[in-house]
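Shown next: upload.txt, given as compact mmCIF, C-alpha atoms.
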# COMPACT_ATOMS: atom_id res chain seq x y z
CA MET A 26 29.28 -7.37 16.91
CA PRO A 27 26.53 -10.01 16.48
CA GLN A 28 25.90 -11.14 12.92
CA LEU A 29 22.76 -9.66 11.39
CA ARG A 30 20.04 -11.92 10.03
CA ALA A 31 19.42 -11.40 6.31
CA LEU A 32 15.72 -10.96 5.52
CA GLU A 33 13.88 -9.86 2.38
CA TYR A 34 10.82 -7.62 2.71
CA GLY A 35 8.26 -7.86 -0.07
CA VAL A 36 6.55 -4.84 -1.65
CA PRO A 37 4.07 -4.67 -4.58
CA THR A 38 5.54 -1.65 -6.42
CA ASP A 39 8.90 0.00 -6.82
CA LYS A 40 7.74 3.01 -4.77
CA ALA A 41 6.11 1.14 -1.87
CA GLY A 42 7.57 0.87 1.61
CA ILE A 43 9.32 4.24 1.52
CA THR A 44 9.60 4.54 5.31
CA VAL A 45 11.04 1.01 5.44
CA ARG A 46 13.71 2.20 3.01
CA LEU A 47 14.35 5.15 5.32
CA GLY A 48 14.59 2.83 8.34
CA ILE A 49 17.13 0.65 6.53
CA GLU A 50 19.24 3.74 5.78
CA LYS A 51 19.03 4.96 9.37
CA GLY A 52 20.03 1.55 10.78
CA PHE A 53 16.78 0.96 12.68
CA PHE A 54 16.41 -2.62 11.43
CA ALA A 55 20.10 -3.33 12.03
CA ASP A 56 19.50 -2.25 15.63
CA GLU A 57 16.96 -5.09 15.76
CA GLY A 58 19.49 -7.60 14.42
CA LEU A 59 18.15 -7.59 10.84
CA ASP A 60 19.98 -7.09 7.57
CA LEU A 61 16.76 -6.08 5.82
CA SER A 62 16.50 -5.68 2.06
CA MET A 63 13.51 -4.98 -0.15
CA ARG A 64 12.21 -7.03 -3.05
CA THR A 65 9.59 -5.73 -5.46
CA VAL A 66 7.09 -8.17 -6.94
CA PHE A 67 4.86 -6.02 -9.14
CA GLY A 68 1.18 -6.69 -8.45
CA GLY A 69 -0.90 -7.84 -5.50
CA PRO A 70 -1.74 -11.37 -6.76
CA PRO A 71 1.86 -12.12 -7.86
CA LEU A 72 3.14 -10.87 -4.48
CA ALA A 73 0.56 -12.97 -2.60
CA ALA A 74 1.70 -15.98 -4.63
CA ALA A 75 5.34 -15.29 -3.68
CA TYR A 76 4.37 -15.32 0.02
CA ASP A 77 2.37 -18.50 -0.46
CA ARG A 78 5.22 -20.30 -2.25
CA GLY A 79 7.77 -19.28 0.37
CA GLU A 80 9.82 -17.07 -1.94
CA LEU A 81 9.25 -14.29 0.59
CA HIS A 82 8.63 -14.74 4.32
CA VAL A 83 7.48 -11.23 5.27
CA GLY A 84 6.45 -7.94 3.75
CA GLU A 85 3.49 -5.73 2.93
CA ILE A 86 0.57 -6.05 0.54
CA GLY A 87 -2.81 -4.49 -0.10
CA SER A 88 -5.59 -6.09 1.89
CA PRO A 89 -7.90 -6.89 -1.10
CA PRO A 90 -5.47 -9.22 -2.92
CA ALA A 91 -4.20 -10.55 0.43
CA ILE A 92 -7.68 -11.45 1.64
CA THR A 93 -8.63 -12.90 -1.73
CA ALA A 94 -5.53 -15.11 -1.67
CA MET A 95 -6.03 -16.22 1.94
CA SER A 96 -9.67 -17.07 1.25
CA ARG A 97 -8.34 -19.49 -1.37
CA GLY A 98 -5.83 -21.13 0.97
CA ALA A 99 -2.68 -19.01 0.65
CA ARG A 100 -0.31 -19.81 3.51
CA PHE A 101 0.32 -16.45 5.14
CA LYS A 102 -1.37 -14.28 7.74
CA ILE A 103 -1.69 -10.61 8.60
CA VAL A 104 0.61 -9.70 11.49
CA GLY A 105 0.28 -5.91 11.57
CA GLY A 106 -1.01 -2.77 9.92
CA ALA A 107 1.09 -0.56 7.65
CA MET A 108 1.10 3.24 7.62
CA ARG A 109 -1.47 3.50 4.85
CA ARG A 110 -4.60 2.37 6.67
CA LYS A 111 -6.99 4.26 4.40
CA ALA A 112 -7.14 3.40 0.70
CA HIS A 113 -4.42 5.79 -0.46
CA LEU A 114 -5.10 5.32 -4.17
CA TYR A 115 -6.23 8.13 -6.43
CA LEU A 116 -7.99 8.20 -9.79
CA GLY A 117 -5.83 10.33 -12.05
CA VAL A 118 -7.16 11.22 -15.49
CA ARG A 119 -5.46 12.79 -18.49
CA SER A 120 -5.91 16.52 -18.27
CA ASP A 121 -7.89 16.87 -21.51
CA ILE A 122 -10.67 14.40 -20.51
CA PRO A 123 -13.60 16.41 -19.13
CA ASP A 124 -15.80 14.02 -17.15
CA PHE A 125 -16.66 10.42 -16.26
CA ARG A 126 -18.85 9.95 -19.33
CA ALA A 127 -15.84 10.74 -21.49
CA LEU A 128 -13.94 7.85 -19.86
CA ARG A 129 -16.02 5.28 -21.78
CA GLY A 130 -13.68 3.34 -24.04
CA LYS A 131 -10.57 4.83 -22.47
CA ARG A 132 -7.50 2.89 -21.32
CA LEU A 133 -6.80 2.70 -17.59
CA GLY A 134 -3.29 1.69 -16.57
CA LEU A 135 -3.02 -0.47 -13.48
CA LEU A 136 -0.48 -2.56 -11.64
CA SER A 137 -2.07 -5.92 -12.46
CA ARG A 138 -5.49 -7.49 -12.72
CA GLY A 139 -6.67 -8.33 -9.21
CA SER A 140 -4.49 -5.68 -7.57
CA CYS A 141 -5.90 -2.98 -5.33
CA ASP A 142 -6.08 -0.45 -8.13
CA GLU A 143 -8.53 -2.65 -10.04
CA TRP A 144 -10.77 -3.32 -7.02
CA PHE A 145 -10.81 0.32 -5.97
CA GLY A 146 -11.22 1.50 -9.55
CA ARG A 147 -14.24 -0.75 -9.93
CA ALA A 148 -15.81 0.75 -6.81
CA ILE A 149 -15.29 4.28 -8.13
CA PHE A 150 -16.62 3.54 -11.62
CA LEU A 151 -19.70 1.73 -10.34
CA ARG A 152 -20.48 4.70 -8.13
CA GLU A 153 -20.13 7.06 -11.10
CA GLY A 154 -22.40 5.01 -13.35
CA LEU A 155 -19.78 3.25 -15.47
CA ASP A 156 -19.63 -0.50 -16.13
CA PRO A 157 -16.05 -1.48 -15.26
CA ASP A 158 -16.25 -4.57 -17.48
CA THR A 159 -17.48 -2.88 -20.66
CA ASP A 160 -16.79 0.85 -20.38
CA ILE A 161 -13.12 0.71 -19.32
CA GLU A 162 -10.16 -0.94 -21.04
CA TRP A 163 -7.90 -2.24 -18.25
CA VAL A 164 -4.20 -2.18 -19.13
CA PRO A 165 -2.05 -4.25 -16.72
CA LEU A 166 1.47 -2.80 -16.65
CA GLY A 167 3.46 -5.17 -14.42
CA GLY A 168 7.04 -3.93 -14.27
CA ASP A 169 6.16 -1.01 -16.54
CA TYR A 170 4.05 0.34 -13.64
CA ALA A 171 7.27 2.04 -12.52
CA HIS A 172 6.84 4.32 -15.57
CA ILE A 173 3.08 4.85 -15.35
CA ILE A 174 3.22 8.66 -15.50
CA PRO A 175 5.57 8.77 -18.53
CA LEU A 176 3.26 6.23 -20.22
CA MET A 177 0.30 8.53 -19.64
CA LYS A 178 2.29 11.49 -20.93
CA GLN A 179 3.10 9.50 -24.09
CA GLY A 180 -0.57 8.65 -24.64
CA ALA A 181 -0.28 4.91 -23.96
CA ILE A 182 -2.96 5.15 -21.26
CA ASP A 183 -5.65 7.71 -20.49
CA ALA A 184 -6.15 7.27 -16.75
CA CYS A 185 -4.77 5.40 -13.77
CA VAL A 186 -5.50 4.50 -10.16
CA VAL A 187 -2.21 5.18 -8.40
CA SER A 188 -0.60 5.92 -5.06
CA GLU A 189 1.96 8.50 -4.07
CA PRO A 190 4.38 9.74 -5.24
CA ASN A 191 3.15 8.81 -8.74
CA VAL A 192 -0.04 10.82 -8.45
CA SER A 193 1.76 13.99 -7.34
CA THR A 194 4.36 13.54 -10.09
CA GLY A 195 1.63 13.53 -12.73
CA GLU A 196 -0.35 16.29 -11.05
CA CYS A 197 2.59 18.64 -10.60
CA ASP A 198 3.80 18.31 -14.20
CA GLY A 199 0.30 18.74 -15.66
CA THR A 200 -0.08 15.18 -17.00
CA LEU A 201 -3.18 14.36 -14.98
CA ARG A 202 -5.89 15.74 -12.75
CA VAL A 203 -6.97 13.93 -9.59
CA TRP A 204 -10.68 13.13 -9.81
CA ALA A 205 -11.16 10.99 -6.72
CA ALA A 206 -9.49 9.44 -3.69
CA ALA A 207 -10.53 5.85 -3.12
CA TYR A 208 -10.89 6.49 0.61
CA GLU A 209 -13.57 9.13 0.09
CA GLU A 210 -16.83 7.99 1.64
CA PRO A 211 -18.93 7.94 -1.55
CA TYR A 212 -16.60 5.27 -2.94
CA LEU A 213 -15.26 3.14 -0.10
CA PRO A 214 -15.76 2.97 3.66
CA GLU A 215 -12.72 3.52 5.84
CA PHE A 216 -10.85 0.26 6.18
CA GLN A 217 -7.43 -1.27 6.65
CA TRP A 218 -5.64 -1.09 3.29
CA ILE A 219 -1.93 -2.03 3.46
CA VAL A 220 -1.18 -4.92 5.81
CA LEU A 221 2.04 -6.50 7.06
CA VAL A 222 2.11 -10.24 6.50
CA ALA A 223 4.21 -13.30 7.29
CA ARG A 224 4.17 -16.87 6.09
CA GLU A 225 2.51 -19.33 8.46
CA ASP A 226 5.62 -21.52 8.82
CA PHE A 227 7.73 -18.42 9.51
CA ILE A 228 5.25 -17.40 12.19
CA ARG A 229 5.65 -20.79 13.85
CA SER A 230 9.44 -20.83 13.72
CA ASP A 231 10.58 -17.19 13.82
CA GLY A 232 8.27 -15.17 16.01
CA ASP A 233 11.13 -13.18 17.49
CA THR A 234 12.21 -12.09 14.01
CA ILE A 235 8.68 -10.91 13.25
CA ARG A 236 8.64 -8.92 16.50
CA ALA A 237 11.98 -7.35 15.58
CA LEU A 238 10.70 -6.46 12.11
CA LEU A 239 7.57 -4.79 13.49
CA ARG A 240 9.59 -2.83 16.05
CA GLY A 241 11.83 -1.58 13.26
CA TYR A 242 8.81 -0.77 11.10
CA GLU A 243 7.16 1.28 13.83
CA ARG A 244 10.36 3.15 14.65
CA SER A 245 10.91 3.93 10.95
CA ALA A 246 7.34 5.18 10.51
CA ARG A 247 7.52 7.46 13.54
CA TYR A 248 10.88 8.82 12.45
CA ALA A 249 9.58 9.60 8.96
CA VAL A 250 6.58 11.65 10.11
CA GLU A 251 8.80 13.56 12.54
CA HIS A 252 11.52 14.25 9.94
CA ILE A 253 9.65 15.26 6.81
CA ASP A 254 12.72 16.78 5.16
CA GLU A 255 14.59 13.46 5.32
CA TRP A 256 11.54 11.60 4.05
CA ALA A 257 11.19 13.99 1.10
CA ALA A 258 14.93 13.83 0.38
CA LEU A 259 14.70 10.05 0.11
CA TYR A 260 11.94 10.37 -2.49
CA CYS A 261 14.20 12.74 -4.42
CA ARG A 262 17.22 10.45 -4.24
CA CYS A 263 15.40 7.24 -5.11
CA TRP A 264 13.20 8.50 -7.96
CA ALA A 265 14.63 11.87 -8.99
CA LEU A 266 11.56 13.76 -7.81
CA GLU A 267 11.61 17.52 -7.57
CA PRO A 268 11.62 18.60 -3.89
CA ASP A 269 8.26 20.37 -4.24
CA THR A 270 6.71 17.23 -5.74
CA ALA A 271 8.06 15.04 -2.93
CA ARG A 272 6.67 17.34 -0.25
CA HIS A 273 3.35 17.58 -2.12
CA ALA A 274 3.10 13.77 -2.08
CA ILE A 275 3.84 13.57 1.64
CA ALA A 276 1.46 16.41 2.52
CA ARG A 277 -1.46 14.67 0.79
CA GLU A 278 -1.02 11.48 2.80
CA LEU A 279 0.27 12.74 6.12
CA PRO A 280 -3.10 13.49 7.82
CA HIS A 281 -4.28 9.94 7.20
CA LEU A 282 -1.24 7.87 8.21
CA ARG A 283 -0.91 5.49 11.16
CA VAL A 284 2.48 4.68 12.66
CA ASP A 285 1.71 2.15 15.41
CA CYS A 286 1.35 -1.10 13.37
CA GLN A 287 -2.12 -1.63 14.82
CA ILE A 288 -4.81 -3.35 12.76
CA ASP A 289 -8.26 -1.93 12.17
CA MET A 290 -10.22 -5.15 12.67
CA ALA A 291 -13.56 -3.56 11.81
CA GLY A 292 -11.90 -2.17 8.69
CA LEU A 293 -10.65 -5.61 7.68
CA ARG A 294 -14.20 -6.92 7.94
CA LYS A 295 -15.23 -4.17 5.54
CA VAL A 296 -12.56 -5.32 3.07
CA ILE A 297 -13.92 -8.87 3.26
CA GLU A 298 -17.42 -7.53 2.61
CA LEU A 299 -16.14 -5.48 -0.35
CA GLN A 300 -14.38 -8.47 -1.88
CA GLN A 301 -17.48 -10.60 -1.40
CA ARG A 302 -19.63 -7.93 -3.04
CA LEU A 303 -17.23 -7.68 -5.99
CA GLY A 304 -17.09 -11.46 -6.33
CA ALA A 305 -13.43 -11.99 -5.39
CA VAL A 306 -14.20 -13.85 -2.14
CA THR A 307 -16.91 -16.46 -2.67
CA MET A 308 -17.24 -18.03 0.75
CA PRO A 309 -17.73 -16.94 4.38
CA LEU A 310 -14.45 -15.72 5.90
CA ALA A 311 -13.91 -14.75 9.54
CA VAL A 312 -11.39 -11.97 10.02
CA GLU A 313 -9.97 -13.77 13.08
CA SER A 314 -8.87 -16.63 10.83
CA ILE A 315 -6.50 -14.48 8.77
CA VAL A 316 -4.69 -12.47 11.45
CA ASP A 317 -2.09 -13.23 14.10
CA LEU A 318 -1.48 -10.17 16.25
CA ARG A 319 0.82 -11.66 18.89
CA PHE A 320 3.86 -9.88 17.48
CA LEU A 321 2.74 -6.26 17.57
CA PRO A 322 5.32 -4.02 19.26
CA ALA A 323 4.65 -2.63 22.70
CA ALA A 324 3.72 1.04 22.63
CA LEU A 325 6.83 3.19 22.39
CA GLU A 326 7.29 6.26 24.50
CA ARG A 327 5.47 8.85 22.44
CA SER A 328 7.21 11.85 21.02
CA PRO A 329 5.43 15.23 21.28
CA LEU A 330 4.21 14.83 17.69
CA ALA A 331 2.84 11.33 18.22
CA ALA A 332 1.33 12.25 21.57
CA ALA A 333 -0.49 15.21 20.06
CA ALA A 334 -1.89 12.91 17.40
CA ALA A 335 -2.99 10.11 19.73
CA GLY A 336 -6.58 9.01 20.01
CA THR A 337 -8.77 9.65 17.01
CA THR A 338 -6.25 11.59 14.94
CA ALA A 339 -4.16 10.14 12.15
CA LEU A 340 -0.79 9.59 13.77

Please go through the file and, once you have read it, give me the structure as structure tokens.
Amino acid sequence: MPQLRALEYGVPTDKAGITVRLGIEKGFFADEGLDLSMRTVFGGPPLAAAYDRGELHVGEIGSPPAITAMSRGARFKIVGGAMRRKAHLYLGVRSDIPDFRALRGKRLGLLSRGSCDEWFGRAIFLREGLDPDTDIEWVPLGGDYAHIIPLMKQGAIDACVVSEPNVSTGECDGTLRVWAAAYEEPYLPEFQWIVLVAREDFIRSDGDTIRALLRGYERSARYAVEHIDEWAALYCRCWALEPDTARHAIARELPHLRVDCQIDMAGLRKVIELQQRLGAVTMPLAVESIVDLRFLPAALERSPLAAAAAGTTAL
């Protein structure tokens, strides 16, 4: 049997990349010749720095911190689109807080300053008439982000901008109420959120490995949406979720997911515009300069589920 190539895959939180975890368990990446493991670097900017320094060669990251880093010379490029194309982050607020005005002076837990939750939170608060610099106390959690819902339950924070399954965990146990989804049109336009990236030197030297990784990613994503019970069971095993909570988390996201690794180029332009408007990107930046799409997998033979969802639908 040929020896597998060891490769670390970067993720920005402990609960990111769930379908990659499923694909590793099912052997889909091993079928591509990869001994893939996952490494969590909490926070978008720290993860972007790890790619830039060469500590990680490939992985996923939110497009706002990725684009901000690349605009400042970080040495990686976008090579594909992850399942979460829309901004799958949700504003969750402690259940006893009645409205946006009552959020003034409250503590909002987030992954790190400069991560997607800050940028998206700013967009939501500005829309609702709050000054994100004076009305909200931002509380970067770093590694403690893994315990964001228990921290809210203990009173350490009052609100959060979080992804699944954290938001469903807090919603199902009564800790928080969901006030807004970042992808809702009043807050943000539809754009490409999570992107798959690779270091520039790795792109030059290991294109075949990147192709293999993307094939495994696509196969894992398609398998997950066609085998919801296995996907939910993995949530339960990894993070001790109740089965109903796991399925609730999946059901919220499922209509919006993409499984084909394709990039929404128009959506990436919107991210650049957002970051320029928020002051994170301070110079002109062409989207073509930050992507390399030569490694996208050829279209797989579509299953009945994927075929039914082709075209303008989510899958």

- Task: Can you work out which one of A:Pro157, A:Gly105, A:Gly35, A:Gly168 has the shortest atom-to-atom distance to A:Asp285, counting all atoms listed in the file?
- Result: A:Gly105

- Tell me, in Å to one decimal, how far atom CA of A:Gly48 is from atom CA of A:Gly167. 26.6 Å

- Query: How far is it from atom CA of A:Val83 to atom CA of A:Glu215, in Å with one decimal?
  - Reply: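 Atom CA of A:Val83 sits 25.0 Å away from atom CA of A:Glu215.
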
- Task: Measure the distance from atom CA of A:Leu201 to atom CA of A:Ala184 in Å and round it to one decimal.
- Result: 7.9 Å

- Message: Applying 9 Å and only C-alpha atoms, which residues near A:Arg277 remain after dropping the ones on its own chain fewer than 5 positions away? List them as a list in words.
- Response: Glu189, Ser193 and Arg272 of chain A

- Of the residues A:Gln179, A:Thr270, A:Ser230, A:Thr44, which is the one nearest to A:Val192, using all atoms listed in the file?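 So, comparing all the options, the nearest one is A:Thr270.
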
- Spatial neighbours of A:Glu196, 10 Å, all atoms listed in the file, chain gap at least 4 places, as a ChimeraX atom specification: /A:117-120,174,190-192,200-203,270,273-274

- Message: Under the rule that only C-alpha atoms are counted, which of A:Phe150, A:Val220, A:Pro268, A:Ser96 is the nearest residue to A:Ala311?
- Response: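 Using only C-alpha atoms, A:Ala311 sits closest to A:Ser96.
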
Which centre and edge lengths in Å to one decimal define the box along x, y and z that fits every listed atom of stretch 293-300 of chain A plus 5 Å per side, as AutoDock Vina command-line options?
--center_x -14.0 --center_y -6.5 --center_z 3.0 --size_x 16.8 --size_y 14.7 --size_z 19.8

- Query: So, counting all atoms listed in the file, which residue among A:Asp60, A:Asp169, A:Glu225, A:Glu278 is closest to A:Arg109?
  - Reply: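 Using all atoms listed in the file, A:Arg109 sits closest to A:Glu278.
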
- Return the single residue from A:Pro322, A:Gly134, A:Pro309, A:Gly69 that is closest to A:Trp163, with distances computed using all atoms listed in the file.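 Smallest distance to A:Trp163 is found for A:Gly134.
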
Output as a tab-separated table one row per residue of stretch 121-204 of chain A within 9 Å of stretch 293-303 of chain A: the closest atom pair and its distance in Å to one decimal place, counting all atoms listed in the file, sorted by chain and residue number ascending.
residue	atom	partner	partner_atom	distance
A:Trp144	CA	A:Leu303	CA	7.9
A:Arg147	CA	A:Leu303	CA	8.5
A:Ala148	CA	A:Leu303	CA	8.6

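The shortest atom-to-atom distance to A:Gly42, with all atoms listed in the file taken into account, belongs to A:Ser245 out of A:Ser245, A:Ser88, A:Ser140, A:Gln217.
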
- Message: Which polymer residues, whether protein, DNA or RNA, lie within 12 Å of the coordinate (8.6, 1.5, -6.2) when you count all atoms listed in the file? List them as an NGL selection string, using the chain letters and numbers from the file.
- Response: :A and (35-46 or 63-68 or 136 or 167-173 or 187-191 or 260 or 263-264)

- Near-A:Thr93 list (8 Å; only C-alpha atoms; drop same-chain fewer than 2 positions) as a list of chain:residue names: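 Listing them by chain and then by number gives A:Pro89, A:Pro90, A:Ala91, A:Met95, A:Ser96, A:Arg97, A:Gln300, A:Ala305, A:Val306.
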
- Task: Skip A:Arg78 itself and residues of its chain fewer than 3 positions away, then list as a PyMOL selection string all residues within 9 Å of it, counting all atoms listed in the file.
- Result: chain A and resi 73-75+81+99-100
